Amino acid sequence: MDRAQLPLNALRAFEAAARHLSFTRAGLELCVSQGAVSQQVAQLEARIGAPLFRRLPRGLALTDEGLALLPVLADAFDRVGGTLERIEGGRLHEVLTLGVVGTFAGGWLLPRLADFARACPHVDLRLMTNNNRVDLAGEGLDLAIRFGEGAWHGTHAQPILRAPLAPPRPPPPPPPPAGPPRARARAAAALLPRRRMAALVRRRRCALPAAARADVRHLAADGGGGAGRPW
């Protein structure tokens, strides 16, 4: 069919009805009546000489011809809509798809996105986070940020910043319990098994006041559910 003779209104009506499988819902989307959508589809079917829908008691079903036409129309309308959105406002909006390592995105990139959007309002930045090997074409990426020396085959690498590596530090030990010596001895003794409490006090009995030693001795005797060992 010649491009100048394409029935665009009828094609829009068919595409909406095929997505919803309903003339009524297609009419609501297109702001026309259900009868107008049905008439447009009937005219398109007459034009191409083939049915696009099977009219069922409880809705519509696509014929083989309708199934062949729907994805082509949906893709074409999506592309037209996307292009119109990019040039809306008198300036072309570019789509930039960036693949980035998740740790780098969360620790460095995301806090700076607002500044980038203000500086480049015409760029529609789309992020994809993964740790895969760089495959720009296979993943549909324009750019990728990875840790490394940049020796990746088939790509042009540009360093952006240094990222020194350091071994992770263990968490700091918890602070000692606050309070007078007796309370500290009670808190420490409550966290230790009975035998370890006995050994601790034997080693350090000179460092504990007499009242604190009695407290720990009592806890050690009761910690195992029976009598404690003599000191």
# chains A, B, ... in the order shown; residues from 1 in each chain; ligands from 1
call {"tool": "closest_atom_pairs", "arguments": {"of": "range 89-133 of chain A", "to": "range 141-162 of chain A", "cutoff": "7 Å", "atoms": "only C-alpha atoms", "output": "CSV"}}
result
residue,atom,partner,partner_atom,distance
A:Leu96,CA,A:Asp142,CA,6.2
A:Thr97,CA,A:Leu141,CA,5.2
A:Leu98,CA,A:Leu143,CA,5.0
A:Gly99,CA,A:Ala144,CA,4.4
A:Val100,CA,A:Ile145,CA,4.8
A:Val101,CA,A:Arg146,CA,6.2
call {"tool": "write_last_selection", "arguments": {"atoms": "all heavy atoms", "output": "JSON list (two decimals), in the first residue's frame"}}
result
[["chain", "number", "residue", "atom", "x", "y", "z"],
["A", 96, "LEU", "N", 21.12, 8.73, 26.86],
["A", 96, "LEU", "CA", 22.44, 8.19, 27.17],
["A", 96, "LEU", "C", 22.26, 7.03, 28.14],
["A", 96, "LEU", "O", 21.81, 7.21, 29.27],
["A", 96, "LEU", "CB", 23.32, 9.27, 27.79],
["A", 96, "LEU", "CG", 24.73, 8.83, 28.21],
["A", 96, "LEU", "CD1", 25.54, 8.40, 26.99],
["A", 96, "LEU", "CD2", 25.44, 9.94, 28.95],
["A", 97, "THR", "N", 22.60, 5.83, 27.69],
["A", 97, "THR", "CA", 22.49, 4.64, 28.53],
["A", 97, "THR", "C", 23.85, 4.29, 29.08],
["A", 97, "THR", "O", 24.80, 4.03, 28.33],
["A", 97, "THR", "CB", 21.93, 3.46, 27.71],
["A", 97, "THR", "OG1", 20.68, 3.85, 27.12],
["A", 97, "THR", "CG2", 21.68, 2.26, 28.61],
["A", 98, "LEU", "N", 23.96, 4.29, 30.41],
["A", 98, "LEU", "CA", 25.23, 4.11, 31.09],
["A", 98, "LEU", "C", 25.18, 2.87, 31.97],
["A", 98, "LEU", "O", 24.29, 2.72, 32.80],
["A", 98, "LEU", "CB", 25.55, 5.34, 31.95],
["A", 98, "LEU", "CG", 26.77, 5.28, 32.85],
["A", 98, "LEU", "CD1", 28.04, 5.17, 32.02],
["A", 98, "LEU", "CD2", 26.83, 6.52, 33.74],
["A", 99, "GLY", "N", 26.13, 1.97, 31.79],
["A", 99, "GLY", "CA", 26.26, 0.80, 32.65],
["A", 99, "GLY", "C", 27.34, 1.06, 33.69],
["A", 99, "GLY", "O", 28.44, 1.50, 33.35],
["A", 100, "VAL", "N", 27.05, 0.80, 34.94],
["A", 100, "VAL", "CA", 27.97, 1.15, 36.01],
["A", 100, "VAL", "C", 27.93, 0.09, 37.10],
["A", 100, "VAL", "O", 26.89, -0.53, 37.33],
["A", 100, "VAL", "CB", 27.62, 2.55, 36.57],
["A", 100, "VAL", "CG1", 26.23, 2.57, 37.14],
["A", 100, "VAL", "CG2", 28.63, 3.01, 37.60],
["A", 101, "VAL", "N", 29.07, -0.11, 37.76],
["A", 101, "VAL", "CA", 29.14, -1.03, 38.88],
["A", 101, "VAL", "C", 28.30, -0.49, 40.03],
["A", 101, "VAL", "O", 28.30, 0.70, 40.31],
["A", 101, "VAL", "CB", 30.60, -1.21, 39.32],
["A", 101, "VAL", "CG1", 30.70, -2.15, 40.51],
["A", 101, "VAL", "CG2", 31.43, -1.75, 38.16]]
call {"tool": "closest_residue", "arguments": {"among": "A:Leu127, A:Leu28, A:Ala18, A:Val80", "to": "Ala68 in chain A", "atoms": "only C-alpha atoms"}}
result
A:Ala18
call {"tool": "residues_around", "arguments": {"residues": "Arg25 in chain A", "least_positions_apart": "3", "cutoff": "12 Å", "atoms": "only C-alpha atoms", "output": "PDB file with C-alpha atoms, in the first residue's frame"}}
result
ATOM      1  CA  ALA A  13      -8.099   2.513  16.145  1.00  0.00           C
ATOM      2  CA  PHE A  14      -6.995  -1.030  15.333  1.00  0.00           C
ATOM      3  CA  GLU A  15      -3.809  -0.778  17.449  1.00  0.00           C
ATOM      4  CA  ALA A  16      -5.718   0.449  20.504  1.00  0.00           C
ATOM      5  CA  ALA A  17      -8.469  -2.142  20.093  1.00  0.00           C
ATOM      6  CA  ALA A  18      -5.911  -4.914  19.619  1.00  0.00           C
ATOM      7  CA  ARG A  19      -4.047  -3.958  22.816  1.00  0.00           C
ATOM      8  CA  HIS A  20      -7.234  -3.849  24.874  1.00  0.00           C
ATOM      9  CA  LEU A  21      -9.144  -6.534  22.904  1.00  0.00           C
ATOM     10  CA  SER A  22     -12.091  -4.207  23.351  1.00  0.00           C
ATOM     11  CA  LEU A  28     -12.031   5.590  25.961  1.00  0.00           C
ATOM     12  CA  GLU A  29      -8.307   5.819  25.216  1.00  0.00           C
ATOM     13  CA  LEU A  30      -8.828   7.647  21.925  1.00  0.00           C
ATOM     14  CA  CYS A  31     -11.673   9.833  23.277  1.00  0.00           C
ATOM     15  CA  VAL A  32     -14.164   8.572  20.695  1.00  0.00           C
ATOM     16  CA  SER A  33     -17.198   6.318  20.897  1.00  0.00           C
ATOM     17  CA  GLN A  34     -17.130   2.541  20.755  1.00  0.00           C
ATOM     18  CA  GLY A  35     -19.051   2.695  17.499  1.00  0.00           C
ATOM     19  CA  VAL A  37     -13.650   2.547  16.729  1.00  0.00           C
ATOM     20  CA  SER A  38     -15.646  -0.395  15.379  1.00  0.00           C
ATOM     21  CA  GLY A  59     -14.909  -9.752  23.498  1.00  0.00           C
ATOM     22  CA  LEU A  60     -12.472  -9.850  20.631  1.00  0.00           C
TER      23      LEU A  60
END
call {"tool": "closest_residue", "arguments": {"among": "A:Leu70, A:Ala163, A:Ala50, A:Ala10", "to": "Thr103 in chain A", "atoms": "only C-alpha atoms"}}
result
A:Ala163
call {"tool": "residues_around", "arguments": {"residues": "Leu44 in chain A", "least_positions_apart": "2", "cutoff": "12 Å", "atoms": "only C-alpha atoms", "output": "NGL selection string"}}
result
:A and (5-15 or 37-42 or 46-53 or 65-66 or 69)
call {"tool": "decode", "arguments": {"residues": "range 36-71 of chain A", "atoms": "N, CA, C and O atoms", "output": "CSV table (one decimal), in the first residue's frame"}}
result
chain,number,residue,atom,x,y,z
A,36,ALA,N,-17.4,4.4,16.8
A,36,ALA,CA,-16.5,5.0,15.9
A,36,ALA,C,-15.2,4.1,15.7
A,36,ALA,O,-14.7,3.9,14.6
A,37,VAL,N,-14.8,3.5,16.8
A,37,VAL,CA,-13.6,2.5,16.7
A,37,VAL,C,-14.0,1.3,15.9
A,37,VAL,O,-13.3,0.9,15.0
A,38,SER,N,-15.2,0.8,16.1
A,38,SER,CA,-15.6,-0.4,15.4
A,38,SER,C,-15.7,-0.1,13.9
A,38,SER,O,-15.4,-0.9,13.0
A,39,GLN,N,-16.2,1.1,13.6
A,39,GLN,CA,-16.4,1.5,12.2
A,39,GLN,C,-15.0,1.7,11.5
A,39,GLN,O,-14.8,1.3,10.4
A,40,GLN,N,-14.1,2.3,12.2
A,40,GLN,CA,-12.7,2.5,11.7
A,40,GLN,C,-12.1,1.1,11.4
A,40,GLN,O,-11.4,0.9,10.4
A,41,VAL,N,-12.2,0.2,12.3
A,41,VAL,CA,-11.6,-1.1,12.1
A,41,VAL,C,-12.3,-1.8,11.0
A,41,VAL,O,-11.6,-2.5,10.2
A,42,ALA,N,-13.6,-1.7,10.8
A,42,ALA,CA,-14.3,-2.4,9.7
A,42,ALA,C,-13.8,-1.8,8.4
A,42,ALA,O,-13.7,-2.5,7.4
A,43,GLN,N,-13.6,-0.5,8.3
A,43,GLN,CA,-13.1,0.1,7.1
A,43,GLN,C,-11.7,-0.4,6.8
A,43,GLN,O,-11.4,-0.6,5.6
A,44,LEU,N,-10.8,-0.5,7.8
A,44,LEU,CA,-9.5,-1.0,7.6
A,44,LEU,C,-9.5,-2.5,7.1
A,44,LEU,O,-8.8,-2.8,6.1
A,45,GLU,N,-10.4,-3.3,7.6
A,45,GLU,CA,-10.5,-4.7,7.2
A,45,GLU,C,-11.0,-4.7,5.7
A,45,GLU,O,-10.5,-5.6,5.0
A,46,ALA,N,-11.9,-3.9,5.4
A,46,ALA,CA,-12.4,-3.8,4.0
A,46,ALA,C,-11.3,-3.4,3.1
A,46,ALA,O,-11.2,-3.8,1.9
A,47,ARG,N,-10.5,-2.4,3.6
A,47,ARG,CA,-9.4,-1.9,2.7
A,47,ARG,C,-8.4,-3.0,2.4
A,47,ARG,O,-7.9,-3.1,1.3
A,48,ILE,N,-8.0,-3.8,3.4
A,48,ILE,CA,-6.9,-4.8,3.1
A,48,ILE,C,-7.5,-6.1,2.7
A,48,ILE,O,-6.8,-7.0,2.3
A,49,GLY,N,-8.9,-6.3,2.8
A,49,GLY,CA,-9.5,-7.5,2.3
A,49,GLY,C,-9.3,-8.7,3.2
A,49,GLY,O,-9.3,-9.8,2.7
A,50,ALA,N,-9.1,-8.5,4.5
A,50,ALA,CA,-8.9,-9.6,5.4
A,50,ALA,C,-9.4,-9.1,6.8
A,50,ALA,O,-9.3,-8.0,7.2
A,51,PRO,N,-10.0,-10.1,7.6
A,51,PRO,CA,-10.5,-9.7,8.9
A,51,PRO,C,-9.3,-9.7,9.9
A,51,PRO,O,-8.4,-10.4,9.8
A,52,LEU,N,-9.4,-8.7,10.8
A,52,LEU,CA,-8.3,-8.5,11.8
A,52,LEU,C,-8.7,-9.0,13.2
A,52,LEU,O,-7.9,-9.3,14.0
A,53,PHE,N,-10.1,-9.1,13.4
A,53,PHE,CA,-10.6,-9.6,14.7
A,53,PHE,C,-11.6,-10.7,14.4
A,53,PHE,O,-12.3,-10.7,13.3
A,54,ARG,N,-11.7,-11.5,15.4
A,54,ARG,CA,-12.9,-12.4,15.4
A,54,ARG,C,-13.8,-11.9,16.5
A,54,ARG,O,-13.4,-11.8,17.7
A,55,ARG,N,-15.0,-11.6,16.2
A,55,ARG,CA,-16.0,-11.0,17.2
A,55,ARG,C,-16.6,-12.2,18.0
A,55,ARG,O,-17.3,-13.1,17.4
A,56,LEU,N,-16.3,-12.2,19.2
A,56,LEU,CA,-16.8,-13.3,20.1
A,56,LEU,C,-17.9,-12.8,21.0
A,56,LEU,O,-18.0,-11.5,21.2
A,57,PRO,N,-18.7,-13.6,21.6
A,57,PRO,CA,-19.7,-13.2,22.5
A,57,PRO,C,-19.2,-12.3,23.7
A,57,PRO,O,-19.9,-11.5,24.2
A,58,ARG,N,-18.0,-12.6,24.2
A,58,ARG,CA,-17.4,-11.9,25.3
A,58,ARG,C,-16.2,-11.2,25.0
A,58,ARG,O,-15.2,-11.1,25.8
A,59,GLY,N,-16.1,-10.6,23.8
A,59,GLY,CA,-14.9,-9.8,23.5
A,59,GLY,C,-14.4,-10.0,22.1
A,59,GLY,O,-15.1,-10.5,21.2
A,60,LEU,N,-13.1,-9.7,21.9
A,60,LEU,CA,-12.5,-9.8,20.6
A,60,LEU,C,-11.3,-10.8,20.7
A,60,LEU,O,-10.7,-11.0,21.8
A,61,ALA,N,-10.9,-11.4,19.6
A,61,ALA,CA,-9.7,-12.2,19.4
A,61,ALA,C,-9.1,-11.8,18.1
A,61,ALA,O,-9.8,-11.6,17.1
A,62,LEU,N,-7.8,-11.7,18.1
A,62,LEU,CA,-7.0,-11.4,16.9
A,62,LEU,C,-7.0,-12.5,15.9
A,62,LEU,O,-6.7,-13.7,16.4
A,63,THR,N,-7.1,-12.3,14.7
A,63,THR,CA,-6.9,-13.3,13.6
A,63,THR,C,-5.4,-13.3,13.4
A,63,THR,O,-4.6,-12.6,13.9
A,64,ASP,N,-4.9,-14.2,12.5
A,64,ASP,CA,-3.5,-14.3,12.1
A,64,ASP,C,-3.1,-13.0,11.5
A,64,ASP,O,-1.9,-12.5,11.8
A,65,GLU,N,-3.9,-12.4,10.7
A,65,GLU,CA,-3.6,-11.1,10.1
A,65,GLU,C,-3.4,-10.0,11.1
A,65,GLU,O,-2.5,-9.2,11.1
A,66,GLY,N,-4.3,-10.0,12.1
A,66,GLY,CA,-4.2,-9.0,13.2
A,66,GLY,C,-3.0,-9.2,14.0
A,66,GLY,O,-2.3,-8.3,14.4
A,67,LEU,N,-2.6,-10.5,14.3
A,67,LEU,CA,-1.4,-10.8,15.1
A,67,LEU,C,-0.2,-10.3,14.3
A,67,LEU,O,0.8,-9.9,15.0
A,68,ALA,N,-0.2,-10.4,13.0
A,68,ALA,CA,1.0,-10.0,12.2
A,68,ALA,C,1.1,-8.4,12.2
A,68,ALA,O,2.2,-7.9,12.2
A,69,LEU,N,-0.1,-7.7,12.2
A,69,LEU,CA,0.0,-6.3,12.1
A,69,LEU,C,0.2,-5.6,13.4
A,69,LEU,O,0.9,-4.5,13.4
A,70,LEU,N,-0.2,-6.1,14.5
A,70,LEU,CA,-0.2,-5.4,15.8
A,70,LEU,C,1.3,-5.0,16.2
A,70,LEU,O,1.5,-3.9,16.5
A,71,PRO,N,2.3,-6.0,16.2
A,71,PRO,CA,3.6,-5.6,16.7
A,71,PRO,C,4.3,-4.5,15.8
A,71,PRO,O,5.0,-3.7,16.3
